[in-house]
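Novice: My questions will all concern the structure given below.
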Amino acid sequence: MARIAVDRENRLLTAEFEGLDKLWAVKSRLEIPLAHVRGATHDPGMAREPKGIRVAGTHFPGVVTAGRFRRGGERFFWSVKNPEKAVVIELADDESYDRLVIEVDDPRATVALIENALTR
Amino acid sequence: MGRPRAFDADQAVSTAAALFATHGYEGTSVDDLVAATGIHRGSLYKVFGSKRNLHLTALRGHLDHEIRPAAAAIAALTHPGRATAAAVASFDGGPAAGLLLLAAAERAPHDPEVAALVAEGFAALEDALRASHGDAAPEVASTVLGARLRLRAGLTASKEH
C-alpha cells in the first residue's frame, strides 16, 4: 500500500511506501513531475499481466509484486499485494519508468486526485 | 521504448466508444477494453495513457463523426415538426449511440473536459434546431435529449414527436 499525494505548488506526484512495503519495493518514496504523468487508471486486471524480468525488489507470485521490472523494452515499478486496489500510472517517455502499478487504499479517490491535478 | 504500434487506433477507439456507450464509464473495465479491442494492455496504456483519455478520445470521435453530421442534417430542415422528428431519430443515433448522454449523466459532473465536450454536443443540437424553431431551439433540444433518454430506456418517445 502506498500513499499517493499531489503537490500542486511544486507540480509533483509523490508515492510514499511505508513499513514492509518499503522493503519489498526497495523504495521509500517516488517523486514524479506532474508534467510527466500521462494518466491514472484503476485496473485490477493489471496484476494478471506477465511481470517480465525483476531488476530489483520482491516477487512472490500471488502474494506480492514489488520493485523494478522490465518487459518488452518497458520499465515498470510495481508495489501490489491486493490487485483489486491497483492503480496504473502511465508516465512520459523521459521518466525512469514507463508505468507504475501501485496499490492504494482508495483507488477511486487516488485516480480522481491525479486526474484533477492533470486537468488543472 | 515501446514496440511499434501494430493496431488500428481508430478501430480501437470506436470499439471502446461502443463499450462505453453500452456499459458506461465505470462499468467498462480495462479488461473489457483489452478483450474487445484485442490490443495488449501495455499498448493501450502506451497510446492512450489512461482509461479516461481513451474515453475522451472516443467522445471526441463521437462528436466529430456522428453528432456534427447529424446536426448538419437537422439544420437543413426548416419544417419544425420534421426537424424535431429527425433530431429524435438521428441525434446521438450512430454506432456509439448513447455515449454523449451517458457521458453527460455519469462523467460530466466530475470531469470538466467531459463537461466541455458534452456542452459542445448539446450546443450543436441547439444550433441545428435554430433554423426550424428559432428562439425555442434550446427548449426543443432539451425535449429531444429527453426523448433520446426515454428511447434508450426502452420507452417509446412521446407521440407528438
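Naming works like this for the C-alpha cells: A, B, ... for the chains as they're shown, residue 1 at the start of each chain, ligands 1 onward in shown order.
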Would you give me, as a PDB file with N, CA and C atoms, in the first residue's frame, the residues of chain A that come within 9 Å of chain B, using only C-alpha atoms?
Specialist:
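And here's iface.pdb as it stands now:
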ATOM      1  N   VAL A  37       3.314  12.845 -16.013  1.00  0.00           N
ATOM      2  CA  VAL A  37       2.251  11.878 -15.732  1.00  0.00           C
ATOM      3  C   VAL A  37       1.199  11.984 -16.835  1.00  0.00           C
ATOM      4  N   ARG A  38       0.953  10.862 -17.533  1.00  0.00           N
ATOM      5  CA  ARG A  38       0.009  10.894 -18.657  1.00  0.00           C
ATOM      6  C   ARG A  38      -1.400  10.520 -18.218  1.00  0.00           C
ATOM      7  N   GLY A  39      -1.524   9.789 -17.123  1.00  0.00           N
ATOM      8  CA  GLY A  39      -2.865   9.434 -16.672  1.00  0.00           C
ATOM      9  C   GLY A  39      -2.818   8.364 -15.613  1.00  0.00           C
ATOM     10  N   ALA A  40      -3.964   8.158 -14.951  1.00  0.00           N
ATOM     11  CA  ALA A  40      -4.062   7.140 -13.906  1.00  0.00           C
ATOM     12  C   ALA A  40      -5.355   6.366 -14.105  1.00  0.00           C
ATOM     13  N   THR A  41      -5.281   5.052 -13.898  1.00  0.00           N
ATOM     14  CA  THR A  41      -6.448   4.192 -14.125  1.00  0.00           C
ATOM     15  C   THR A  41      -6.531   3.132 -13.036  1.00  0.00           C
ATOM     16  N   HIS A  42      -7.715   2.952 -12.460  1.00  0.00           N
ATOM     17  CA  HIS A  42      -7.928   1.847 -11.527  1.00  0.00           C
ATOM     18  C   HIS A  42      -8.022   0.582 -12.379  1.00  0.00           C
ATOM     19  N   ASP A  43      -7.101  -0.360 -12.189  1.00  0.00           N
ATOM     20  CA  ASP A  43      -7.037  -1.505 -13.104  1.00  0.00           C
ATOM     21  C   ASP A  43      -6.674  -2.796 -12.368  1.00  0.00           C
ATOM     22  N   PRO A  44      -7.669  -3.446 -11.728  1.00  0.00           N
ATOM     23  CA  PRO A  44      -7.410  -4.691 -11.001  1.00  0.00           C
ATOM     24  C   PRO A  44      -6.838  -5.795 -11.901  1.00  0.00           C
ATOM     25  N   GLY A  45      -7.204  -5.772 -13.199  1.00  0.00           N
ATOM     26  CA  GLY A  45      -6.757  -6.825 -14.114  1.00  0.00           C
ATOM     27  C   GLY A  45      -5.278  -6.757 -14.441  1.00  0.00           C
ATOM     28  N   MET A  46      -4.654  -5.617 -14.171  1.00  0.00           N
ATOM     29  CA  MET A  46      -3.233  -5.428 -14.482  1.00  0.00           C
ATOM     30  C   MET A  46      -2.376  -6.500 -13.819  1.00  0.00           C
ATOM     31  N   GLU A  49      -1.229  -9.598 -15.699  1.00  0.00           N
ATOM     32  CA  GLU A  49      -0.282  -9.483 -16.812  1.00  0.00           C
ATOM     33  C   GLU A  49       1.048 -10.130 -16.440  1.00  0.00           C
ATOM     34  N   GLY A  72       9.475  -6.391 -22.431  1.00  0.00           N
ATOM     35  CA  GLY A  72       9.280  -5.896 -23.802  1.00  0.00           C
ATOM     36  C   GLY A  72       9.815  -4.491 -23.991  1.00  0.00           C
ATOM     37  N   GLY A  73      10.958  -4.202 -23.396  1.00  0.00           N
ATOM     38  CA  GLY A  73      11.564  -2.878 -23.571  1.00  0.00           C
ATOM     39  C   GLY A  73      10.942  -1.815 -22.682  1.00  0.00           C
ATOM     40  N   GLU A  74       9.944  -2.191 -21.871  1.00  0.00           N
ATOM     41  CA  GLU A  74       9.324  -1.208 -20.983  1.00  0.00           C
ATOM     42  C   GLU A  74       9.772  -1.436 -19.549  1.00  0.00           C
ATOM     43  N   ARG A  75       9.815  -0.331 -18.798  1.00  0.00           N
ATOM     44  CA  ARG A  75      10.251  -0.409 -17.398  1.00  0.00           C
ATOM     45  C   ARG A  75       9.070  -0.127 -16.477  1.00  0.00           C
ATOM     46  N   VAL A  88      -2.855   2.046 -12.140  1.00  0.00           N
ATOM     47  CA  VAL A  88      -1.789   2.114 -13.138  1.00  0.00           C
ATOM     48  C   VAL A  88      -1.550   3.584 -13.491  1.00  0.00           C
ATOM     49  N   ILE A  89      -0.320   4.026 -13.321  1.00  0.00           N
ATOM     50  CA  ILE A  89       0.027   5.411 -13.649  1.00  0.00           C
ATOM     51  C   ILE A  89       0.992   5.389 -14.832  1.00  0.00           C
ATOM     52  N   GLU A  90       0.532   5.945 -15.941  1.00  0.00           N
ATOM     53  CA  GLU A  90       1.336   5.935 -17.170  1.00  0.00           C
ATOM     54  C   GLU A  90       2.206   7.189 -17.210  1.00  0.00           C
ATOM     55  N   LEU A  91       3.502   6.990 -17.479  1.00  0.00           N
ATOM     56  CA  LEU A  91       4.432   8.122 -17.454  1.00  0.00           C
ATOM     57  C   LEU A  91       4.977   8.434 -18.846  1.00  0.00           C
ATOM     58  N   ALA A  92       5.481   9.639 -18.997  1.00  0.00           N
ATOM     59  CA  ALA A  92       6.049  10.078 -20.271  1.00  0.00           C
ATOM     60  C   ALA A  92       7.378   9.373 -20.512  1.00  0.00           C
ATOM     61  N   ASP A  93       7.810   9.392 -21.777  1.00  0.00           N
ATOM     62  CA  ASP A  93       8.999   8.650 -22.183  1.00  0.00           C
ATOM     63  C   ASP A  93      10.269   9.001 -21.419  1.00  0.00           C
ATOM     64  N   ASP A  98       8.206   3.439 -17.370  1.00  0.00           N
ATOM     65  CA  ASP A  98       7.135   3.680 -18.316  1.00  0.00           C
ATOM     66  C   ASP A  98       5.783   3.662 -17.596  1.00  0.00           C
ATOM     67  N   ARG A  99       5.713   2.805 -16.549  1.00  0.00           N
ATOM     68  CA  ARG A  99       4.419   2.579 -15.921  1.00  0.00           C
ATOM     69  C   ARG A  99       4.616   2.241 -14.452  1.00  0.00           C
ATOM     70  N   ALA A 112      -9.014  10.049  -9.097  1.00  0.00           N
ATOM     71  CA  ALA A 112      -9.634  11.381  -9.207  1.00  0.00           C
ATOM     72  C   ALA A 112      -8.624  12.474  -8.844  1.00  0.00           C
ATOM     73  N   GLU A 115      -6.147  12.760 -11.793  1.00  0.00           N
ATOM     74  CA  GLU A 115      -6.790  13.334 -12.985  1.00  0.00           C
ATOM     75  C   GLU A 115      -7.114  14.814 -12.803  1.00  0.00           C
ATOM     76  N   ASN A 116      -7.585  15.169 -11.619  1.00  0.00           N
ATOM     77  CA  ASN A 116      -7.875  16.583 -11.367  1.00  0.00           C
ATOM     78  C   ASN A 116      -6.620  17.427 -11.457  1.00  0.00           C
ATOM     79  N   THR A 119      -5.788  17.866 -15.116  1.00  0.00           N
ATOM     80  CA  THR A 119      -6.712  18.728 -15.856  1.00  0.00           C
ATOM     81  C   THR A 119      -6.512  20.195 -15.484  1.00  0.00           C
TER      82      THR A 119
END
Novice: If you run DSSP on this backbone, which residues of chain A come out as alpha helix (DSSP H), and could you give them as a list in words?
Specialist: Gly19, Leu20, Asp21, Lys22, Leu23, Trp24, Ala25, Pro107, Arg108, Ala109, Thr110, Val111, Ala112, Leu113, Ile114, Glu115, Asn116, Ala117, Leu118 and Thr119 of chain A
Novice: For stretch 138-153 of chain B, find every residue with an atom within 9 Å (counting only C-alpha atoms), except residues of its own chain fewer than 2 positions away, and show them as a ChimeraX atom specification.
Specialist: /B:84-85,87-89,91-93,97-98,101,122-123,125-127,129-130,133,135-136,155-158,161
Novice: In Å to one decimal, how far is atom CA of A:Asp105 from atom CA of A:Gly19?
Specialist: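 Separating atom CA of A:Gly19 from atom CA of A:Asp105 is a distance of 14.8 Å.
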Novice: In Å to one decimal, how far is atom CA of A:Pro83 from atom CA of A:Ala47?
Specialist: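 Value for the atom CA of A:Ala47-atom CA of A:Pro83 distance: 5.7 Å.
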Novice: Given only C-alpha atoms as the basis, pick out the residue of A:Pro61, A:Asp94, A:Val55, A:Arg11 nearest to A:Leu118.
Specialist: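 So, comparing all the options, the nearest one is A:Arg11.
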Novice: I want to know what sits within 6 Å of stretch 74-80 of chain B, based on only C-alpha atoms, with residues of the same chain fewer than 4 positions away left out; could you give that as a list in words?
Specialist: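 Close residues of stretch 74-80 of chain B: Ala128, Ala131, Ser132 and His133 of chain B.
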Novice: Now that the selection is made, can you save its residues with C-alpha atoms as an mmCIF file, in the first residue's frame?
Specialist:
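Result saved to out-v1.cif:
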data_model
loop_
_atom_site.group_PDB
_atom_site.id
_atom_site.type_symbol
_atom_site.label_atom_id
_atom_site.label_comp_id
_atom_site.auth_asym_id
_atom_site.auth_seq_id
_atom_site.Cartn_x
_atom_site.Cartn_y
_atom_site.Cartn_z
ATOM 1 C CA ALA B 128 -29.171 22.820 -35.642
ATOM 2 C CA ALA B 131 -33.323 27.061 -38.378
ATOM 3 C CA SER B 132 -36.666 25.402 -37.654
ATOM 4 C CA HIS B 133 -37.511 26.612 -34.144
#
Novice: Could you give me the residues within stretch 6-112 of chain A that DSSP places in strand (DSSP E), as an NGL selection string?
Specialist: :A and (6-7 or 12-17 or 29-33 or 37-42 or 53-60 or 64-71 or 74-80 or 86-91 or 99-103)
Novice: Rounded to one decimal in Å, what is the spacing between atom CA of B:Leu33 and atom CA of B:Phe20?
Specialist: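 About the pair atom CA of B:Leu33 and atom CA of B:Phe20: they are 9.3 Å apart.
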